[in-house]
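Content type mmCIF, C-alpha atoms (C1' of nucleotides), from the file protein20.cif:
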```cif
data_work
#
loop_
_atom_site.label_atom_id
_atom_site.label_comp_id
_atom_site.auth_asym_id
_atom_site.auth_seq_id
_atom_site.Cartn_x
_atom_site.Cartn_y
_atom_site.Cartn_z
CA MET Y 873 -18.65 63.75 20.67
CA LEU Y 874 -16.11 64.14 23.43
CA GLN Y 875 -15.01 60.50 23.21
CA GLN Y 876 -11.34 60.72 22.21
CA THR Y 877 -11.83 64.25 20.91
CA ARG Y 878 -10.78 67.56 22.46
CA VAL Y 879 -13.34 70.02 23.76
CA ASP Y 880 -12.17 72.78 21.41
CA THR Y 881 -12.57 70.51 18.41
CA VAL Y 882 -16.04 69.41 19.45
CA MET Y 883 -17.51 72.80 20.29
CA PRO Y 884 -18.63 74.01 16.83
CA TYR Y 885 -19.94 70.55 15.93
CA PHE Y 886 -21.87 70.42 19.19
CA GLU Y 887 -23.52 73.79 18.56
CA ARG Y 888 -24.57 72.89 15.03
CA PHE Y 889 -25.68 69.41 16.01
CA LEU Y 890 -27.96 70.59 18.80
CA ALA Y 891 -29.41 73.33 16.62
CA ARG Y 892 -30.21 70.68 14.01
CA PHE Y 893 -31.33 67.93 16.47
CA PRO Y 894 -32.56 69.71 19.62
CA THR Y 895 -34.11 66.65 21.33
CA PRO Y 896 -33.66 62.87 21.43
CA LEU Y 897 -36.92 62.59 19.48
CA ALA Y 898 -35.69 64.93 16.74
CA LEU Y 899 -32.51 62.88 16.43
CA ALA Y 900 -34.41 59.59 16.48
CA GLU Y 901 -36.64 60.69 13.62
CA ALA Y 902 -33.80 61.96 11.41
CA PRO Y 903 -32.47 59.81 8.56
CA GLU Y 904 -28.97 58.48 9.13
CA ASP Y 905 -27.60 60.46 6.18
CA GLN Y 906 -28.45 63.72 7.91
CA VAL Y 907 -26.89 62.63 11.19
CA LEU Y 908 -23.67 61.64 9.44
CA ALA Y 909 -23.73 64.91 7.49
CA ALA Y 910 -23.83 66.83 10.79
CA TRP Y 911 -20.91 64.69 12.03
CA SER Y 912 -18.94 65.05 8.80
CA GLY Y 913 -15.29 65.82 9.55
CA LEU Y 914 -15.40 65.00 13.25
CA GLY Y 915 -14.22 61.40 12.87
CA TYR Y 916 -15.00 58.12 14.63
CA TYR Y 917 -18.30 57.98 12.77
CA ARG Y 918 -19.48 54.98 14.75
CA ARG Y 919 -20.17 57.47 17.55
CA ALA Y 920 -22.74 59.22 15.37
CA ARG Y 921 -24.44 55.97 14.45
CA MET Y 922 -24.44 54.86 18.09
CA LEU Y 923 -25.84 58.19 19.28
CA HIS Y 924 -28.53 57.92 16.64
CA ALA Y 925 -29.38 54.37 17.78
CA GLY Y 926 -29.36 55.54 21.40
CA ALA Y 927 -31.78 58.35 20.61
CA ARG Y 928 -34.11 55.81 19.04
CA VAL Y 929 -34.03 53.66 22.16
CA VAL Y 930 -34.86 56.69 24.30
CA ALA Y 931 -37.63 57.76 21.90
CA ASP Y 932 -39.15 54.28 21.87
CA ARG Y 933 -39.29 54.17 25.65
CA ALA Y 934 -40.27 57.85 25.81
CA GLU Y 935 -37.84 58.07 28.72
CA MET Y 936 -34.21 58.96 29.35
CA PRO Y 937 -32.38 56.64 31.76
CA ARG Y 938 -31.52 58.66 34.87
CA ASP Y 939 -28.85 56.58 36.51
CA ARG Y 940 -25.53 55.03 35.53
CA GLU Y 941 -26.90 51.52 35.29
CA GLY Y 942 -29.66 52.52 32.88
CA LEU Y 943 -27.39 54.78 30.83
CA LEU Y 944 -24.90 51.93 30.35
CA GLU Y 945 -27.56 50.03 28.42
CA LEU Y 946 -27.67 52.68 25.68
CA PRO Y 947 -25.56 52.02 22.58
CA GLY Y 948 -22.41 54.13 22.52
CA VAL Y 949 -22.57 54.84 26.25
CA GLY Y 950 -19.71 53.15 28.06
CA ARG Y 951 -18.24 53.49 31.54
CA TYR Y 952 -16.92 56.99 31.09
CA THR Y 953 -19.95 58.48 29.34
CA ALA Y 954 -22.42 56.83 31.72
CA GLY Y 955 -20.48 58.22 34.69
CA ALA Y 956 -20.30 61.68 33.15
CA ILE Y 957 -24.02 61.94 32.40
CA ALA Y 958 -25.07 60.36 35.71
CA SER Y 959 -22.88 62.63 37.84
CA ILE Y 960 -23.14 65.89 35.89
CA ALA Y 961 -26.75 65.78 34.68
CA PHE Y 962 -28.37 63.72 37.45
CA GLU Y 963 -26.04 64.32 40.43
CA GLU Y 964 -25.49 60.63 41.03
CA PRO Y 965 -22.33 60.23 43.14
CA VAL Y 966 -20.38 58.00 40.73
CA GLY Y 967 -16.78 58.31 39.61
CA LEU Y 968 -15.41 58.48 36.09
CA VAL Y 969 -12.03 58.08 34.47
CA ASP Y 970 -11.09 59.63 31.15
CA GLY Y 971 -7.58 60.23 29.88
CA ASN Y 972 -7.24 63.32 32.06
CA VAL Y 973 -8.37 61.70 35.30
CA ALA Y 974 -6.16 58.68 34.65
CA ARG Y 975 -3.14 60.97 34.37
CA VAL Y 976 -4.05 63.05 37.43
CA PHE Y 977 -4.51 59.94 39.61
CA ALA Y 978 -1.38 58.28 38.24
CA ARG Y 979 0.64 61.29 39.38
CA ILE Y 980 -1.09 62.12 42.67
CA PHE Y 981 -0.96 58.50 43.87
CA ALA Y 982 2.13 57.46 41.90
CA LEU Y 983 0.32 54.58 40.23
CA GLU Y 984 2.81 52.33 38.48
CA ASP Y 985 0.40 50.33 36.36
CA ASP Y 986 0.14 50.76 32.62
CA MET Y 987 -2.70 53.28 32.26
CA ARG Y 988 -3.55 51.94 28.81
CA ARG Y 989 -4.35 48.58 30.36
CA ALA Y 990 -4.73 47.29 33.93
CA GLY Y 991 -4.09 50.73 35.40
CA MET Y 992 -7.55 51.90 34.37
CA LYS Y 993 -9.10 49.49 36.87
CA ARG Y 994 -7.13 51.01 39.73
CA ALA Y 995 -8.05 54.50 38.63
CA GLU Y 996 -11.73 53.63 38.36
CA ALA Y 997 -11.71 52.15 41.87
CA LEU Y 998 -10.09 55.35 43.18
CA ALA Y 999 -12.59 57.53 41.33
CA GLU Y 1000 -15.47 55.60 42.82
CA GLU Y 1001 -13.95 55.83 46.31
CA LEU Y 1002 -13.16 59.54 46.20
CA VAL Y 1003 -16.24 61.03 44.58
CA PRO Y 1004 -18.21 63.15 47.10
CA ALA Y 1005 -21.94 62.73 47.76
CA LYS Y 1006 -22.52 66.43 47.07
CA LYS Y 1007 -21.91 67.94 43.65
CA PRO Y 1008 -20.28 64.83 42.19
CA GLY Y 1009 -20.51 66.40 38.73
CA ASP Y 1010 -18.44 69.40 39.81
CA TRP Y 1011 -15.87 67.06 41.35
CA ASN Y 1012 -15.57 64.99 38.20
CA GLN Y 1013 -15.36 68.03 35.95
CA ALA Y 1014 -12.73 69.57 38.22
CA LEU Y 1015 -10.58 66.44 37.92
CA MET Y 1016 -10.88 66.46 34.13
CA GLU Y 1017 -10.22 70.19 33.95
CA LEU Y 1018 -7.14 69.83 36.15
CA GLY Y 1019 -5.78 67.22 33.76
CA ALA Y 1020 -6.64 69.24 30.66
CA THR Y 1021 -5.16 72.55 31.83
CA ILE Y 1022 -2.54 71.97 34.57
CA CYS Y 1023 -1.62 68.31 34.85
CA THR Y 1024 -0.93 67.99 31.11
CA PRO Y 1025 0.82 65.01 29.46
CA ARG Y 1026 4.01 66.99 28.86
CA ALA Y 1027 5.38 69.96 30.80
CA PRO Y 1028 2.67 70.06 33.48
CA ALA Y 1029 2.27 73.39 35.29
CA CYS Y 1030 2.95 72.04 38.80
CA GLU Y 1031 3.74 75.54 40.13
CA ARG Y 1032 0.12 76.47 39.43
CA CYS Y 1033 -1.38 73.18 40.63
CA PRO Y 1034 -3.78 73.51 43.57
CA VAL Y 1035 -2.96 70.00 44.82
CA ALA Y 1036 0.79 69.98 44.20
CA SER Y 1037 1.46 69.52 47.92
CA SER Y 1038 -0.56 66.27 47.83
CA CYS Y 1039 1.10 64.89 44.72
CA ARG Y 1040 3.31 61.88 45.29
CA ALA Y 1041 4.89 62.07 41.83
CA ARG Y 1042 5.77 65.71 42.53
CA ALA Y 1043 7.28 64.84 45.93
CA GLU Y 1044 9.36 62.07 44.39
CA GLY Y 1045 10.40 64.10 41.35
CA ARG Y 1046 8.76 61.61 38.99
CA VAL Y 1047 6.17 63.81 37.31
CA ASP Y 1048 7.73 63.21 33.91
CA GLU Y 1049 7.72 59.42 34.38
CA LEU Y 1050 4.04 59.12 35.19
CA PRO Y 1051 1.64 57.94 34.03
CA VAL Y 1052 3.14 54.78 32.55
CA MET Y 1053 1.71 54.46 29.06
CA GLY Y 1054 2.28 51.15 27.30
CA GLU Y 1055 3.38 50.84 23.71
CA LYS Y 1056 0.87 51.76 21.08
CA ALA Y 1057 0.80 50.15 17.64
CA LYS Y 1058 2.04 52.34 14.82
CA PRO Y 1059 -0.21 53.01 11.85
CA LYS Y 1060 0.35 50.48 9.09
CA PRO Y 1061 1.01 51.80 5.59
CA GLN Y 1062 -1.72 51.06 3.08
CA ARG Y 1063 -2.13 52.09 -0.55
CA VAL Y 1064 -5.47 53.04 -2.05
CA GLN Y 1065 -6.67 53.86 -5.59
CA ALA Y 1066 -9.53 56.35 -5.77
CA LEU Y 1067 -11.62 57.34 -8.77
CA VAL Y 1068 -13.08 60.85 -9.07
CA ALA Y 1069 -15.40 60.40 -12.04
CA ARG Y 1070 -17.57 63.21 -13.36
CA THR Y 1071 -20.32 63.38 -15.93
CA LYS Y 1072 -19.88 65.84 -18.79
CA ASP Y 1073 -22.22 68.24 -17.00
CA GLY Y 1074 -20.02 68.18 -13.91
CA ARG Y 1075 -21.78 65.85 -11.48
CA VAL Y 1076 -19.46 63.63 -9.45
CA LEU Y 1077 -19.82 59.91 -8.79
CA LEU Y 1078 -19.88 58.91 -5.12
CA ALA Y 1079 -20.39 55.59 -3.36
CA ARG Y 1080 -21.70 54.93 0.14
CA ARG Y 1081 -19.62 52.56 2.25
CA GLN Y 1082 -21.16 49.58 3.95
CA SER Y 1083 -22.51 49.88 7.46
CA SER Y 1084 -19.47 48.46 9.23
CA GLY Y 1085 -15.76 49.06 9.02
CA LEU Y 1086 -13.78 52.11 8.02
CA PHE Y 1087 -15.85 55.23 7.24
CA ALA Y 1088 -19.02 53.17 7.62
CA GLY Y 1089 -22.09 54.75 6.02
CA LEU Y 1090 -20.18 57.68 4.49
CA TRP Y 1091 -20.14 58.80 0.85
CA GLU Y 1092 -16.85 59.06 -1.04
CA PRO Y 1093 -15.31 58.72 -4.49
CA PRO Y 1094 -15.17 54.94 -5.02
CA SER Y 1095 -11.81 53.43 -4.14
CA ILE Y 1096 -10.08 50.12 -3.79
CA ASP Y 1097 -7.22 49.01 -1.55
CA GLY Y 1098 -3.95 48.23 -3.28
CA ASP Y 1099 -1.55 49.49 -5.95
CA GLU Y 1100 -2.13 50.47 -9.59
CA SER Y 1101 -3.11 46.96 -10.61
CA ALA Y 1102 -5.93 47.00 -8.06
CA GLY Y 1103 -7.05 50.25 -9.62
CA ASP Y 1104 -7.70 48.53 -12.94
CA GLU Y 1105 -10.25 46.30 -11.25
CA LEU Y 1106 -12.08 49.42 -10.04
CA PHE Y 1107 -11.81 51.48 -13.24
CA GLY Y 1108 -13.05 48.58 -15.36
CA ARG Y 1109 -16.46 48.78 -13.72
CA PHE Y 1110 -17.24 52.12 -15.35
CA ALA Y 1111 -17.51 53.50 -18.87
CA LEU Y 1112 -14.81 56.18 -18.86
CA ALA Y 1113 -14.22 58.60 -21.74
CA SER Y 1114 -10.86 59.64 -20.26
CA ARG Y 1115 -8.79 59.05 -17.16
CA ALA Y 1116 -5.60 60.53 -15.68
CA LEU Y 1117 -3.65 60.42 -12.45
CA ALA Y 1118 -4.52 63.70 -10.78
CA GLY Y 1119 -2.45 63.56 -7.61
CA ARG Y 1120 -1.61 61.74 -4.43
CA VAL Y 1121 -3.11 62.24 -0.99
CA THR Y 1122 -1.90 60.93 2.37
CA HIS Y 1123 -4.11 60.52 5.40
CA VAL Y 1124 -3.12 59.19 8.81
CA LEU Y 1125 -5.56 57.36 11.08
CA SER Y 1126 -4.83 55.83 14.46
CA HIS Y 1127 -4.05 52.44 12.97
CA ARG Y 1128 -3.41 53.07 9.27
CA ARG Y 1129 -1.39 55.41 7.14
CA LEU Y 1130 -3.21 55.72 3.83
CA THR Y 1131 -1.55 56.81 0.60
CA VAL Y 1132 -4.21 57.43 -2.01
CA ASP Y 1133 -3.59 57.75 -5.76
CA VAL Y 1134 -6.32 60.03 -7.05
CA HIS Y 1135 -7.51 59.32 -10.59
CA ALA Y 1136 -9.72 61.87 -12.35
CA ALA Y 1137 -12.02 60.63 -15.10
CA VAL Y 1138 -14.98 61.57 -17.26
CA LEU Y 1139 -17.92 59.19 -17.46
CA SER Y 1140 -19.24 58.39 -20.91
CA LYS Y 1141 -22.28 56.56 -19.54
CA ARG Y 1142 -24.28 56.57 -16.35
CA PRO Y 1143 -22.97 53.72 -14.15
CA ALA Y 1144 -25.06 50.54 -14.07
CA GLY Y 1145 -26.15 48.99 -10.78
CA SER Y 1146 -23.80 46.10 -11.48
CA ALA Y 1147 -20.86 48.54 -11.32
CA LEU Y 1148 -21.08 48.72 -7.49
CA PRO Y 1149 -17.59 47.98 -6.15
CA ALA Y 1150 -16.95 45.79 -3.10
CA ALA Y 1151 -17.13 47.63 0.25
CA TYR Y 1152 -19.96 49.85 -0.97
CA GLU Y 1153 -23.72 49.55 -0.72
CA ALA Y 1154 -24.88 52.36 -3.03
CA LEU Y 1155 -23.76 54.50 -5.96
CA ASP Y 1156 -25.04 57.88 -7.11
CA LEU Y 1157 -24.21 61.13 -8.94
CA PHE Y 1158 -24.14 64.46 -7.08
CA ASP Y 1159 -23.94 68.13 -7.93
CA GLU Y 1160 -21.07 69.95 -6.25
CA ALA Y 1161 -23.55 71.94 -4.16
CA ALA Y 1162 -25.13 68.77 -2.76
CA LEU Y 1163 -21.92 67.59 -1.08
CA ASP Y 1164 -22.49 69.71 2.03
CA GLY Y 1165 -25.58 67.69 2.88
CA LEU Y 1166 -23.75 64.34 2.87
CA GLY Y 1167 -21.73 62.43 5.41
CA ILE Y 1168 -18.24 62.71 3.91
CA SER Y 1169 -14.91 61.99 5.58
CA LYS Y 1170 -12.03 64.43 5.66
CA LEU Y 1171 -10.08 62.02 3.48
CA ALA Y 1172 -12.83 62.02 0.83
CA ARG Y 1173 -12.78 65.84 0.84
CA LYS Y 1174 -9.01 65.78 0.32
CA ILE Y 1175 -9.44 63.40 -2.61
CA LEU Y 1176 -12.10 65.59 -4.22
CA ALA Y 1177 -9.94 68.68 -3.67
CA ALA Y 1178 -6.94 67.02 -5.31
CA ALA Y 1179 -9.00 66.18 -8.39
CA ARG Y 1180 -10.39 69.72 -8.60
CA GLU Y 1181 -6.95 71.25 -8.20
CA ALA Y 1182 -5.54 69.12 -10.99
CA ALA Y 1183 -8.38 70.12 -13.30
CA ALA Y 1184 -8.05 73.82 -12.47
CA SER Y 1185 -4.27 74.12 -12.87
CA PRO Y 1186 -3.10 71.43 -15.28
CA GLY Y 1187 0.49 72.62 -15.31
CA PRO Y 1188 2.85 73.21 -18.26
CA LEU Y 1189 3.18 69.59 -19.38
CA PHE Y 1190 -0.48 68.71 -19.35
CA ASP Y 1191 -1.84 66.73 -22.26
CA PRO Y 1192 -5.46 65.66 -21.76
CA LYS Y 1193 -4.91 62.50 -23.79
CA MET Y 1194 -1.99 61.31 -21.68
CA PRO Y 1195 -2.00 59.96 -18.13
CA ARG Y 1196 0.22 62.07 -15.95
CA ALA Y 1197 1.58 62.18 -12.45
CA ARG Y 1198 1.25 65.28 -10.37
CA GLU Y 1199 2.30 66.07 -6.84
CA THR Y 1200 0.30 68.17 -4.45
CA GLY Y 1201 1.05 69.49 -1.00
CA ARG Y 1202 3.71 71.41 0.79
CA ARG Y 1203 6.73 69.63 -0.62
CA ALA Y 1204 5.64 70.04 -4.22
CA ARG Y 1205 4.86 73.73 -3.75
CA ALA Y 1206 8.22 74.30 -2.12
CA ARG Y 1207 9.97 72.66 -5.04
CA GLN Y 1208 8.02 74.72 -7.55
CA SER Y 1209 8.93 77.98 -5.82
"C1'" DA S 525 -6.26 41.68 26.10
"C1'" DA S 526 -5.73 43.29 21.61
"C1'" DC S 527 -7.70 45.50 17.78
"C1'" DT S 528 -10.67 48.80 15.23
"C1'" DC S 529 -12.22 53.21 14.53
"C1'" DG S 530 -10.72 59.97 12.59
"C1'" DG S 531 -9.01 63.93 12.97
"C1'" DG S 532 -6.55 67.65 14.92
"C1'" DG S 533 -3.63 70.51 17.85
"C1'" DC S 534 0.59 70.90 20.38
"C1'" DT S 535 5.44 69.89 21.10
"C1'" DA Z 508 7.14 63.40 13.27
"C1'" DG Z 509 5.09 61.87 17.45
"C1'" DC Z 510 1.79 62.01 21.10
"C1'" DC Z 511 -2.73 61.85 22.79
"C1'" DC Z 512 -7.19 63.55 23.26
"C1'" DA Z 513 -13.67 64.52 28.44
"C1'" DG Z 514 -13.57 55.96 24.67
"C1'" DA Z 515 -16.76 52.15 22.97
"C1'" DG Z 516 -17.50 47.98 20.64
"C1'" DT Z 517 -15.83 43.79 18.63
"C1'" DT Z 518 -12.88 39.86 18.29
#
```
Could I get this structure in the form of structure tokens?
Amino acid sequence: MLQQTRVDTVMPYFERFLARFPTPLALAEAPEDQVLAAWSGLGYYRRARMLHAGARVVADRAEMPRDREGLLELPGVGRYTAGAIASIAFEEPVGLVDGNVARVFARIFALEDDMRRAGMKRAEALAEELVPAKKPGDWNQALMELGATICTPRAPACERCPVASSCRARAEGRVDELPVMGEKAKPKPQRVQALVARTKDGRVLLARRQSSGLFAGLWEPPSIDGDESAGDELFGRFALASRALAGRVTHVLSHRRLTVDVHAAVLSKRPAGSALPAAYEALDLFDEAALDGLGISKLARKILAAAREAAASPGPLFDPKMPRARETGRRARARQS
DNA sequence: AACTCGGGGCT
DNA sequence: AGCCCAGAGTT
């Protein structure tokens, strides 16, 4: 859970997850839907699938690997995670480098290399060299904690730093220049058309995404990439009694900036199996109360909320027979007030 | 070596 | 509006 995610964000998920899946065996025996439901909202859902697969490996062998080499063989366990478990749980004297340690080393030793690329190798070699034989887990956690609380990316608290006198960047007045972080690609804009279709008795149509790619294995209102014309291809798969543009949702990922047109519709017939859109592997109808038990992305929740909001407060110009555009979000509310 | 994969909190 | 987070797997 801590891969690329802050401790404070993880904490409540961690508590719930361990209450629900207390042991590797309990996790291994759980259906994937329940694992993704417990992960719902945390992001990088491949981590959940990998952890699930890893639990199954451990359950099959009836044994947890107890050193770095064995841990590295588990799916989802890379160099950082293997080092963290080996040193903290099993007191193996191995180093580790996460974003915090990379920054701390870059400053203490004035490392010039790009820490997004080749610089990580230097940092890992240093970590391996410096880790003490006794309490290696405490050492590693102290390095990470120093980076998270004192040696922060911006405005580090050098006056409170216990190793400021050993810091080369500090001595050379280059704290703000280190670490060197190479350019990162900007998210690419992408348009999406989403369909929130309900039966007359209020159940909502969701589709489960295929097992690889974006939001793999999660349920969501079916959608298609592209502009309005792409939407027609999606809408045509279903028997719709009515349809209207309910709002627009934006969602930013590391590599994409999604703008989603949300279309609300009423189903006149139950969807046939042949209606399954590309990128999905299943289709089903759900009561509102059942959504909590599903793996659903934050984006999908935004889309559902936009459709609900449009239905609840149609606005002065609403005509149920006419398609309409409606803005949601801070800017629209500011304009209305 | 570059790209894919979420979401959030802080500046 | 950026930046980056207790990264791993795939191409």
Could you give me, as JSON lines, every chain Y residue with an atom at most 9 Å from chain Z, plus its closest atom pair and distance in Å to one decimal, counting only C-alpha atoms (C1' of nucleotides), rows ordered by chain then number?
```
{"residue": "Y:Leu874", "atom": "CA", "partner": "Z:DA513", "partner_atom": "C1'", "distance": 5.6}
{"residue": "Y:Gln875", "atom": "CA", "partner": "Z:DG514", "partner_atom": "C1'", "distance": 5.0}
{"residue": "Y:Gln876", "atom": "CA", "partner": "Z:DC512", "partner_atom": "C1'", "distance": 5.1}
{"residue": "Y:Thr877", "atom": "CA", "partner": "Z:DC512", "partner_atom": "C1'", "distance": 5.2}
{"residue": "Y:Arg878", "atom": "CA", "partner": "Z:DC512", "partner_atom": "C1'", "distance": 5.4}
{"residue": "Y:Val879", "atom": "CA", "partner": "Z:DA513", "partner_atom": "C1'", "distance": 7.2}
{"residue": "Y:Arg919", "atom": "CA", "partner": "Z:DA515", "partner_atom": "C1'", "distance": 8.3}
{"residue": "Y:Pro947", "atom": "CA", "partner": "Z:DA515", "partner_atom": "C1'", "distance": 8.8}
{"residue": "Y:Gly948", "atom": "CA", "partner": "Z:DA515", "partner_atom": "C1'", "distance": 6.0}
{"residue": "Y:Val949", "atom": "CA", "partner": "Z:DA515", "partner_atom": "C1'", "distance": 7.2}
{"residue": "Y:Gly950", "atom": "CA", "partner": "Z:DA515", "partner_atom": "C1'", "distance": 6.0}
{"residue": "Y:Arg951", "atom": "CA", "partner": "Z:DG514", "partner_atom": "C1'", "distance": 8.7}
{"residue": "Y:Tyr952", "atom": "CA", "partner": "Z:DG514", "partner_atom": "C1'", "distance": 7.3}
{"residue": "Y:Thr953", "atom": "CA", "partner": "Z:DG514", "partner_atom": "C1'", "distance": 8.3}
{"residue": "Y:Ala956", "atom": "CA", "partner": "Z:DA513", "partner_atom": "C1'", "distance": 8.6}
{"residue": "Y:Val969", "atom": "CA", "partner": "Z:DA513", "partner_atom": "C1'", "distance": 9.0}
{"residue": "Y:Asp970", "atom": "CA", "partner": "Z:DA513", "partner_atom": "C1'", "distance": 6.2}
{"residue": "Y:Gly971", "atom": "CA", "partner": "Z:DC512", "partner_atom": "C1'", "distance": 7.4}
{"residue": "Y:Asn972", "atom": "CA", "partner": "Z:DA513", "partner_atom": "C1'", "distance": 7.5}
{"residue": "Y:Gln1013", "atom": "CA", "partner": "Z:DA513", "partner_atom": "C1'", "distance": 8.5}
{"residue": "Y:Met1016", "atom": "CA", "partner": "Z:DA513", "partner_atom": "C1'", "distance": 6.6}
{"residue": "Y:Glu1017", "atom": "CA", "partner": "Z:DA513", "partner_atom": "C1'", "distance": 8.6}
{"residue": "Y:Ala1020", "atom": "CA", "partner": "Z:DA513", "partner_atom": "C1'", "distance": 8.8}
{"residue": "Y:Pro1025", "atom": "CA", "partner": "Z:DC511", "partner_atom": "C1'", "distance": 8.2}
```
Which residues match the PyMOL selection byres ((chain Y) within 6 of (chain S)) in the file above, as a list in words?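 Here the PyMOL selection byres ((chain Y) within 6 of (chain S)) matches Gly915, Tyr916 and Leu1125 of chain Y.
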Mind pulling up the distance from atom CA of Y:Arg1042 to atom CA of Y:Lys993? 22.7 Å
For a test of reading the model, state the distance in Å between atom CA of Y:Ser1140 and atom CA of Y:Gly1119, rounded to one decimal.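 Taking atom CA of Y:Ser1140 and atom CA of Y:Gly1119, their separation equals 22.0 Å.
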Y:Leu943 surroundings by only C-alpha atoms (C1' of nucleotides), 12 Å radius, close-in-sequence under 2 positions cut, as a PDB file with C-alpha atoms, in the coordinates of the input:
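Contents of selection-v7.pdb, as written:
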```pdb
ATOM      1  CA  GLY Y 926     -29.360  55.540  21.400  1.00  0.00           C
ATOM      2  CA  ALA Y 927     -31.780  58.350  20.610  1.00  0.00           C
ATOM      3  CA  VAL Y 929     -34.030  53.660  22.160  1.00  0.00           C
ATOM      4  CA  VAL Y 930     -34.860  56.690  24.300  1.00  0.00           C
ATOM      5  CA  GLU Y 935     -37.840  58.070  28.720  1.00  0.00           C
ATOM      6  CA  MET Y 936     -34.210  58.960  29.350  1.00  0.00           C
ATOM      7  CA  PRO Y 937     -32.380  56.640  31.760  1.00  0.00           C
ATOM      8  CA  ARG Y 938     -31.520  58.660  34.870  1.00  0.00           C
ATOM      9  CA  ASP Y 939     -28.850  56.580  36.510  1.00  0.00           C
ATOM     10  CA  ARG Y 940     -25.530  55.030  35.530  1.00  0.00           C
ATOM     11  CA  GLU Y 941     -26.900  51.520  35.290  1.00  0.00           C
ATOM     12  CA  GLU Y 945     -27.560  50.030  28.420  1.00  0.00           C
ATOM     13  CA  LEU Y 946     -27.670  52.680  25.680  1.00  0.00           C
ATOM     14  CA  PRO Y 947     -25.560  52.020  22.580  1.00  0.00           C
ATOM     15  CA  GLY Y 948     -22.410  54.130  22.520  1.00  0.00           C
ATOM     16  CA  VAL Y 949     -22.570  54.840  26.250  1.00  0.00           C
ATOM     17  CA  GLY Y 950     -19.710  53.150  28.060  1.00  0.00           C
ATOM     18  CA  ARG Y 951     -18.240  53.490  31.540  1.00  0.00           C
ATOM     19  CA  TYR Y 952     -16.920  56.990  31.090  1.00  0.00           C
ATOM     20  CA  THR Y 953     -19.950  58.480  29.340  1.00  0.00           C
ATOM     21  CA  ALA Y 954     -22.420  56.830  31.720  1.00  0.00           C
ATOM     22  CA  GLY Y 955     -20.480  58.220  34.690  1.00  0.00           C
ATOM     23  CA  ALA Y 956     -20.300  61.680  33.150  1.00  0.00           C
ATOM     24  CA  ILE Y 957     -24.020  61.940  32.400  1.00  0.00           C
ATOM     25  CA  ALA Y 958     -25.070  60.360  35.710  1.00  0.00           C
ATOM     26  CA  SER Y 959     -22.880  62.630  37.840  1.00  0.00           C
ATOM     27  CA  ALA Y 961     -26.750  65.780  34.680  1.00  0.00           C
ATOM     28  CA  PHE Y 962     -28.370  63.720  37.450  1.00  0.00           C
ATOM     29  CA  GLU Y 964     -25.490  60.630  41.030  1.00  0.00           C
TER      30      GLU Y 964
END
```
If I take atom CA of Y:Val1052 and atom CA of Y:Ala978, how far is one from the other in Å, to one decimal? 8.1 Å
With all atoms listed in the file as the basis for distance, which of Y:Val1068, Y:Met992, Y:Leu1077, Y:Leu968 is at the shortest distance from Y:Ala1177?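 Between Y:Val1068, Y:Met992, Y:Leu1077, Y:Leu968, the residue approaching Y:Ala1177 most closely is Y:Val1068.
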Non-local contacts of Y:Ile1022 (12 Å; only C-alpha atoms (C1' of nucleotides); under 4 positions in same chain excluded) as an mmCIF file with C-alpha atoms, keeping the file's coordinate frame:
```cif
data_model
loop_
_atom_site.group_PDB
_atom_site.id
_atom_site.type_symbol
_atom_site.label_atom_id
_atom_site.label_comp_id
_atom_site.auth_asym_id
_atom_site.auth_seq_id
_atom_site.Cartn_x
_atom_site.Cartn_y
_atom_site.Cartn_z
ATOM 1 C CA ASN Y 972 -7.240 63.320 32.060
ATOM 2 C CA VAL Y 973 -8.370 61.700 35.300
ATOM 3 C CA ARG Y 975 -3.140 60.970 34.370
ATOM 4 C CA VAL Y 976 -4.050 63.050 37.430
ATOM 5 C CA ALA Y 1014 -12.730 69.570 38.220
ATOM 6 C CA LEU Y 1015 -10.580 66.440 37.920
ATOM 7 C CA MET Y 1016 -10.880 66.460 34.130
ATOM 8 C CA GLU Y 1017 -10.220 70.190 33.950
ATOM 9 C CA LEU Y 1018 -7.140 69.830 36.150
ATOM 10 C CA ARG Y 1026 4.010 66.990 28.860
ATOM 11 C CA ALA Y 1027 5.380 69.960 30.800
ATOM 12 C CA PRO Y 1028 2.670 70.060 33.480
ATOM 13 C CA ALA Y 1029 2.270 73.390 35.290
ATOM 14 C CA CYS Y 1030 2.950 72.040 38.800
ATOM 15 C CA GLU Y 1031 3.740 75.540 40.130
ATOM 16 C CA ARG Y 1032 0.120 76.470 39.430
ATOM 17 C CA CYS Y 1033 -1.380 73.180 40.630
ATOM 18 C CA PRO Y 1034 -3.780 73.510 43.570
ATOM 19 C CA VAL Y 1035 -2.960 70.000 44.820
ATOM 20 C CA ALA Y 1036 0.790 69.980 44.200
#
```
Given the file shown, enumerate the residues that the PyMOL selection byres ((chain Y and resi 1050) around 12) captures and present them as an MDAnalysis selection string. chainID Y and resid 974:987 991 1023:1028 1039:1042 1044:1049 1051:1054
Pick out the closest residue to Y:Ala1172 from this set: Y:Asp1133, Y:Asp1156, Y:Glu1092, Y:Glu1055. Count only C-alpha atoms.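 Distance minimum relative to Y:Ala1172 lands on Y:Glu1092.
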If you take every atom of chain Z that the file lists and fit an axis-aligned box around them with 5 Å extra on each side, what centre and edge lengths come out in Å to one decimal, as JSON?
```
{"center_x": -5.2, "center_y": 52.2, "center_z": 20.9, "size_x": 34.6, "size_y": 34.7, "size_z": 25.2}
```
Applying the PyMOL selection byres ((chain Y and resi 1153) around 8) to the file I just gave you, which residues come out? Please list them as number ranges by chain. Y: 1079-1082, 1148, 1151-1152, 1154-1155
